[in-house]
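run.csv (CSV, C-alpha atoms)
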chain,number,residue,atom,x,y,z
J,9,MET,CA,0.6,219.5,51.7
J,10,ASP,CA,-2.9,220.9,51.8
J,11,ILE,CA,-5.1,220.1,48.8
J,12,ASP,CA,-8.7,221.3,48.7
J,13,LYS,CA,-10.7,218.3,47.4
J,14,THR,CA,-14.2,219.8,47.9
J,15,LEU,CA,-14.8,220.3,44.1
J,16,ARG,CA,-13.2,216.9,43.1
J,17,VAL,CA,-15.1,214.7,40.6
J,18,ASP,CA,-15.2,211.0,41.5
J,19,LEU,CA,-17.3,208.2,40.2
J,20,ASP,CA,-19.3,208.4,43.4
J,21,ASP,CA,-19.6,212.2,43.4
J,22,GLN,CA,-20.2,213.7,39.9
J,23,THR,CA,-21.5,217.0,41.1
J,24,TYR,CA,-19.0,219.0,38.9
J,25,SER,CA,-19.2,216.8,35.8
J,26,ASN,CA,-21.0,217.2,32.5
J,27,ARG,CA,-24.1,215.0,32.5
J,28,LYS,CA,-23.9,214.5,28.7
J,29,TYR,CA,-21.1,212.0,29.3
J,30,ASN,CA,-20.9,208.7,31.2
J,31,LEU,CA,-17.8,209.1,33.4
J,32,ASN,CA,-17.4,205.3,33.5
J,33,ASN,CA,-16.1,205.6,29.9
J,34,PHE,CA,-13.3,207.9,31.2
J,35,THR,CA,-11.8,205.7,34.0
J,36,ARG,CA,-8.3,204.4,34.0
J,37,GLU,CA,-5.9,202.6,36.3
J,38,LEU,CA,-3.4,204.8,38.1
J,39,SER,CA,-0.7,202.6,36.6
J,40,ASP,CA,-1.8,204.0,33.2
J,41,CYS,CA,-0.4,207.4,34.2
J,42,GLU,CA,2.9,208.1,32.6
J,43,ARG,CA,3.4,211.8,32.6
J,44,ILE,CA,2.5,215.1,34.2
J,45,ILE,CA,1.5,217.9,31.8
J,46,VAL,CA,1.8,221.5,33.2
J,47,HIS,CA,-0.8,224.0,31.8
J,48,CYS,CA,-1.8,227.6,32.5
J,49,THR,CA,-5.1,229.4,32.1
J,50,ALA,CA,-5.5,231.7,29.1
J,51,THR,CA,-6.6,234.5,31.3
J,52,ASP,CA,-5.0,236.3,34.3
J,53,SER,CA,-8.4,237.3,35.6
J,54,ALA,CA,-8.8,237.4,39.4
J,55,ALA,CA,-12.2,235.7,38.9
J,56,TRP,CA,-10.2,232.6,37.9
J,57,ASP,CA,-8.6,232.4,41.3
J,58,ASN,CA,-11.9,230.6,42.1
J,59,PRO,CA,-11.6,227.2,40.4
J,60,MET,CA,-15.3,227.2,39.7
J,61,ALA,CA,-14.5,229.6,36.8
J,62,CYS,CA,-12.3,226.9,35.2
J,63,ILE,CA,-14.9,224.2,35.9
J,64,LYS,CA,-17.8,226.2,34.4
J,65,TYR,CA,-15.7,227.0,31.4
J,66,ASP,CA,-14.7,223.4,30.8
J,67,LEU,CA,-18.2,221.9,31.3
J,68,GLY,CA,-19.8,224.4,29.0
J,69,PRO,CA,-19.2,224.9,25.3
J,70,ASN,CA,-15.6,225.8,24.9
J,71,HIS,CA,-12.5,225.7,22.6
J,72,ILE,CA,-12.3,221.9,23.0
J,73,SER,CA,-15.9,220.9,22.5
J,74,ARG,CA,-19.2,222.5,21.7
J,75,SER,CA,-20.8,220.1,24.1
J,76,GLY,CA,-18.4,220.9,26.8
J,77,CYS,CA,-15.9,218.4,28.4
J,78,PRO,CA,-16.9,215.5,30.7
J,79,THR,CA,-15.1,217.1,33.7
J,80,ALA,CA,-12.7,220.0,34.4
J,81,THR,CA,-9.7,219.5,32.0
J,82,TYR,CA,-7.2,219.5,34.9
J,83,HIS,CA,-6.7,217.2,37.8
J,84,PHE,CA,-5.1,219.9,39.8
J,85,TYR,CA,-5.6,223.7,39.7
J,86,ILE,CA,-3.4,226.3,41.5
J,87,ASN,CA,-4.7,229.8,42.0
J,88,LYS,CA,-2.6,233.1,42.4
J,89,PRO,CA,-2.4,232.7,46.2
J,90,GLY,CA,-1.0,229.2,45.7
J,91,LYS,CA,-3.9,227.2,46.9
J,92,ILE,CA,-4.1,223.8,45.4
J,93,TYR,CA,-7.4,222.3,44.3
J,94,GLN,CA,-7.8,218.7,43.1
J,95,LEU,CA,-10.6,219.0,40.5
J,96,VAL,CA,-10.7,215.4,39.2
J,97,ASN,CA,-9.8,212.1,40.7
J,98,LEU,CA,-6.6,210.7,39.1
J,99,GLY,CA,-8.5,207.6,38.1
J,100,ILE,CA,-10.5,209.7,35.6
J,101,LYS,CA,-9.0,210.9,32.3
J,102,THR,CA,-9.3,214.6,31.5
J,103,TRP,CA,-9.4,216.3,28.1
J,104,ASN,CA,-6.2,218.3,28.7
J,105,CYS,CA,-3.9,217.5,25.8
J,106,SER,CA,-5.0,215.8,22.6
J,107,GLY,CA,-3.3,212.4,22.2
J,108,TYR,CA,-2.1,212.3,25.8
J,109,ASN,CA,-5.3,212.3,27.8
J,110,ASN,CA,-5.2,208.6,28.6
J,111,ASP,CA,-1.8,208.6,30.3
J,112,SER,CA,-1.4,212.1,31.7
J,113,VAL,CA,-2.0,214.0,35.0
J,114,ALA,CA,-2.9,217.6,34.3
J,115,ILE,CA,-1.8,220.5,36.5
J,116,CYS,CA,-2.9,224.1,35.7
J,117,ILE,CA,-1.7,227.4,37.1
J,118,ASN,CA,-3.9,230.5,36.8
J,119,HIS,CA,-1.6,233.1,35.3
J,120,GLY,CA,-2.5,233.9,31.7
J,121,ALA,CA,0.8,232.8,30.0
J,122,ILE,CA,1.6,236.2,28.5
J,123,THR,CA,4.0,237.5,31.1
J,124,ASN,CA,6.1,235.9,33.7
J,125,ASN,CA,3.6,236.6,36.5
J,126,VAL,CA,3.5,233.2,38.3
J,127,THR,CA,3.5,234.1,42.0
J,128,GLU,CA,6.1,232.5,44.3
J,129,GLU,CA,3.3,230.8,46.1
J,130,GLN,CA,2.0,229.3,42.9
J,131,TYR,CA,5.4,228.1,41.8
J,132,ASN,CA,6.0,226.5,45.2
J,133,SER,CA,2.6,224.8,45.0
J,134,LEU,CA,3.4,223.6,41.5
J,135,ILE,CA,6.5,221.9,42.7
J,136,GLU,CA,4.6,220.4,45.7
J,137,THR,CA,1.9,219.2,43.5
J,138,ILE,CA,4.3,217.5,41.1
J,139,CYS,CA,6.0,215.8,44.0
J,140,TYR,CA,2.6,214.7,45.4
J,141,VAL,CA,1.8,213.1,42.1
J,142,PHE,CA,5.2,211.3,42.0
J,143,ASP,CA,4.5,210.0,45.5
J,144,ILE,CA,0.9,208.9,44.9
J,145,LEU,CA,1.8,207.2,41.6
J,146,ASP,CA,4.9,205.6,43.2
J,147,TRP,CA,7.2,207.0,40.5
J,148,SER,CA,11.0,206.9,40.9
J,149,TYR,CA,12.5,210.1,42.3
J,150,ASP,CA,15.7,209.8,40.2
J,151,GLU,CA,16.6,212.6,37.8
J,152,GLU,CA,16.0,210.5,34.7
J,153,SER,CA,12.4,209.7,35.8
J,154,VAL,CA,11.7,213.3,36.6
J,155,ARG,CA,12.9,214.4,33.1
J,156,GLU,CA,10.9,211.7,31.4
J,157,ARG,CA,7.6,212.5,33.3
J,158,ILE,CA,7.3,216.3,33.4
J,159,TYR,CA,6.0,218.0,30.3
J,160,PHE,CA,4.8,221.4,29.5
J,161,HIS,CA,1.7,221.6,27.2
J,162,ARG,CA,3.8,223.3,24.5
J,163,ASP,CA,6.2,220.3,24.5
J,164,LEU,CA,3.3,218.1,23.1
J,165,ASN,CA,1.5,220.7,21.0
J,166,SER,CA,3.7,223.1,19.1
J,167,HIS,CA,0.8,225.6,18.6
J,168,LYS,CA,0.6,226.2,22.4
J,169,THR,CA,2.6,228.6,24.5
J,170,CYS,CA,1.2,227.0,27.7
J,171,PRO,CA,2.3,227.2,30.5
J,172,GLY,CA,3.8,230.6,29.5
J,173,LYS,CA,7.1,231.9,30.6
J,174,LEU,CA,7.8,229.2,33.2
J,175,ASP,CA,11.3,227.8,32.8
J,176,LYS,CA,11.0,224.0,32.4
J,177,GLU,CA,14.6,223.2,33.4
J,178,GLN,CA,14.1,225.2,36.6
J,179,VAL,CA,10.9,223.3,37.3
J,180,ILE,CA,12.7,220.0,36.8
J,181,GLN,CA,15.7,221.0,39.0
J,182,ASP,CA,13.4,222.3,41.8
J,183,THR,CA,11.3,219.1,41.6
J,184,ILE,CA,14.5,216.9,41.8
J,185,SER,CA,15.6,218.9,44.9
J,186,LYS,CA,12.2,218.6,46.6
J,187,LEU,CA,11.9,214.9,45.8
J,188,LYS,CA,15.4,214.4,47.3
J,189,GLU,CA,14.1,216.0,50.5
J,190,TYR,CA,11.1,213.6,50.4
J,191,GLY,CA,13.4,210.7,49.9
J,192,ASP,CA,15.7,211.8,52.8
J,193,ASN,CA,12.7,211.9,55.1
J,194,LEU,CA,11.4,208.4,54.2
Would you mind giving the structure from this file in structure tokens?
Amino acid sequence: MDIDKTLRVDLDDQTYSNRKYNLNNFTRELSDCERIIVHCTATDSAAWDNPMACIKYDLGPNHISRSGCPTATYHFYINKPGKIYQLVNLGIKTWNCSGYNNDSVAICINHGAITNNVTEEQYNSLIETICYVFDILDWSYDEESVRERIYFHRDLNSHKTCPGKLDKEQVIQDTISKLKEYGDNL
């Protein structure tokens, strides 16, 4: 799996972080991660295929904070062509879902949520990214674990429609199938 990490925020490279915050206050152990939360952008603009649009929005005054967020709000970002970007090290908490920031890994798809316009490349990259997180965090590949760990933003905040028209059961089934392939190749 090819993940572009050139924009990733780490404690030793804070280029794309908000200087108003001390990132040392947002660190965590990987063992603290309990769930994946799938998000989508609120826009379907081609400009957002460049993850810098998301980063700039999150670091500046936005719907979450007038002071901006400490980092991008998503650990992973998937654009329309299906390219995967890691925006934040998994050891840093992001402000992606109130009440769940401490224990979640956030994945965002650029698609706007209004219509079912997720490209096949984006969808495949989403499944790959979820499997990557399962592997990195050494989570069990069994169906119960997959069902317990994958959430859509709307599952945790009833006022959200995010991530749009994606079918959660299909995402779970496709993740289980892909993880089975991983397990068979170990």
* To do: Calculate how many Å separate atom CA of Thr127 of chain J from atom CA of Thr49 of chain J, rounding to one decimal.
  => 13.9 Å
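Distances from J:Tyr65, J:Tyr82, J:Trp56, J:Tyr190 to Val17 of chain J were compared using only C-alpha atoms, and the smallest one belongs to J:Tyr82.
The shell of residues at most 9 Å from Ser133 of chain J, with all atoms listed in the file counted and near chain neighbours (fewer than 3 positions) removed, consists of Met9, Ile86, Gly90, Lys91, Ile92, Glu128, Glu129, Gln130, Glu136, Thr137 and Ile138 of chain J.
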Generate a file of the selected residues that holds C-alpha atoms, formatted as a PDB file, in the frame of the given file.
ATOM      1  CA  MET J   9       0.600 219.500  51.700  1.00  0.00           C
ATOM      2  CA  ILE J  86      -3.400 226.300  41.500  1.00  0.00           C
ATOM      3  CA  GLY J  90      -1.000 229.200  45.700  1.00  0.00           C
ATOM      4  CA  LYS J  91      -3.900 227.200  46.900  1.00  0.00           C
ATOM      5  CA  ILE J  92      -4.100 223.800  45.400  1.00  0.00           C
ATOM      6  CA  GLU J 128       6.100 232.500  44.300  1.00  0.00           C
ATOM      7  CA  GLU J 129       3.300 230.800  46.100  1.00  0.00           C
ATOM      8  CA  GLN J 130       2.000 229.300  42.900  1.00  0.00           C
ATOM      9  CA  GLU J 136       4.600 220.400  45.700  1.00  0.00           C
ATOM     10  CA  THR J 137       1.900 219.200  43.500  1.00  0.00           C
ATOM     11  CA  ILE J 138       4.300 217.500  41.100  1.00  0.00           C
TER      12      ILE J 138
END
If you count all atoms listed in the file, which residues fall within 8 Å of segment 147-163 of chain J, apart from same-chain ones fewer than 3 positions away, as a PDB file with C-alpha atoms, keeping the file's coordinate frame?
ATOM      1  CA  GLU J  42       2.900 208.100  32.600  1.00  0.00           C
ATOM      2  CA  ARG J  43       3.400 211.800  32.600  1.00  0.00           C
ATOM      3  CA  ILE J  44       2.500 215.100  34.200  1.00  0.00           C
ATOM      4  CA  ILE J  45       1.500 217.900  31.800  1.00  0.00           C
ATOM      5  CA  VAL J  46       1.800 221.500  33.200  1.00  0.00           C
ATOM      6  CA  HIS J  47      -0.800 224.000  31.800  1.00  0.00           C
ATOM      7  CA  CYS J 105      -3.900 217.500  25.800  1.00  0.00           C
ATOM      8  CA  PHE J 142       5.200 211.300  42.000  1.00  0.00           C
ATOM      9  CA  ASP J 143       4.500 210.000  45.500  1.00  0.00           C
ATOM     10  CA  ILE J 144       0.900 208.900  44.900  1.00  0.00           C
ATOM     11  CA  SER J 166       3.700 223.100  19.100  1.00  0.00           C
ATOM     12  CA  HIS J 167       0.800 225.600  18.600  1.00  0.00           C
ATOM     13  CA  LYS J 168       0.600 226.200  22.400  1.00  0.00           C
ATOM     14  CA  THR J 169       2.600 228.600  24.500  1.00  0.00           C
ATOM     15  CA  CYS J 170       1.200 227.000  27.700  1.00  0.00           C
ATOM     16  CA  PRO J 171       2.300 227.200  30.500  1.00  0.00           C
ATOM     17  CA  LYS J 176      11.000 224.000  32.400  1.00  0.00           C
ATOM     18  CA  ILE J 180      12.700 220.000  36.800  1.00  0.00           C
ATOM     19  CA  THR J 183      11.300 219.100  41.600  1.00  0.00           C
ATOM     20  CA  ILE J 184      14.500 216.900  41.800  1.00  0.00           C
ATOM     21  CA  LEU J 187      11.900 214.900  45.800  1.00  0.00           C
ATOM     22  CA  LYS J 188      15.400 214.400  47.300  1.00  0.00           C
ATOM     23  CA  GLY J 191      13.400 210.700  49.900  1.00  0.00           C
TER      24      GLY J 191
END
* To do: Taking (-5.1, 201.7, 36.8) in the file's own coordinates, collect the residues within 12 Å, counting only C-alpha atoms, and hand them back as a PyMOL selection string.
  => chain J and resi 34-42+98-101+110-111+145
* Pick the closest to Thr79 of chain J from J:Leu174, J:Asn26, J:Met60, J:Ser112: which is it, counting only C-alpha atoms? -> J:Asn26
Could you pull the residues within 12 Å of Arg74 of chain J, counting all atoms listed in the file, minus those fewer than 6 positions along the same chain, as a JSON list (two decimals) with C-alpha atoms, keeping the file's coordinate frame?
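part-v9.json written:
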[["chain", "number", "residue", "atom", "x", "y", "z"],
["J", 28, "LYS", "CA", -23.90, 214.50, 28.70],
["J", 65, "TYR", "CA", -15.70, 227.00, 31.40],
["J", 66, "ASP", "CA", -14.70, 223.40, 30.80],
["J", 67, "LEU", "CA", -18.20, 221.90, 31.30],
["J", 68, "GLY", "CA", -19.80, 224.40, 29.00]]
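Taking all atoms listed in the file into account, Asp18 of chain J lies nearest to J:Asn97 out of the set J:Thr51, J:Asn109, J:Asn33, J:Asn97.
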* Asked: What separation in Å, quoted to one decimal, exists between atom CA of Phe84 of chain J and atom CA of Val96 of chain J?
  -> 7.2 Å
* Structure fact -> Nearest to Arg27 of chain J, restricted to only C-alpha atoms and choosing among J:Cys139, J:Asn87, J:Gly107, J:Cys77, comes out as J:Cys77
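Minimum distance to Asp175 of chain J across J:Asn124, J:Tyr140, J:Glu189, J:Lys13 (counting all atoms listed in the file) occurs at J:Asn124.
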* Measuring atom to atom with all atoms listed in the file, identify which of J:Leu31, J:Val141, J:Leu19, J:Cys48 is nearest to Asn125 of chain J. => J:Cys48
* To do: For atom CA of Ser106 of chain J and atom CA of Leu164 of chain J, quote the distance in Å rounded to one decimal.
  => 8.6 Å
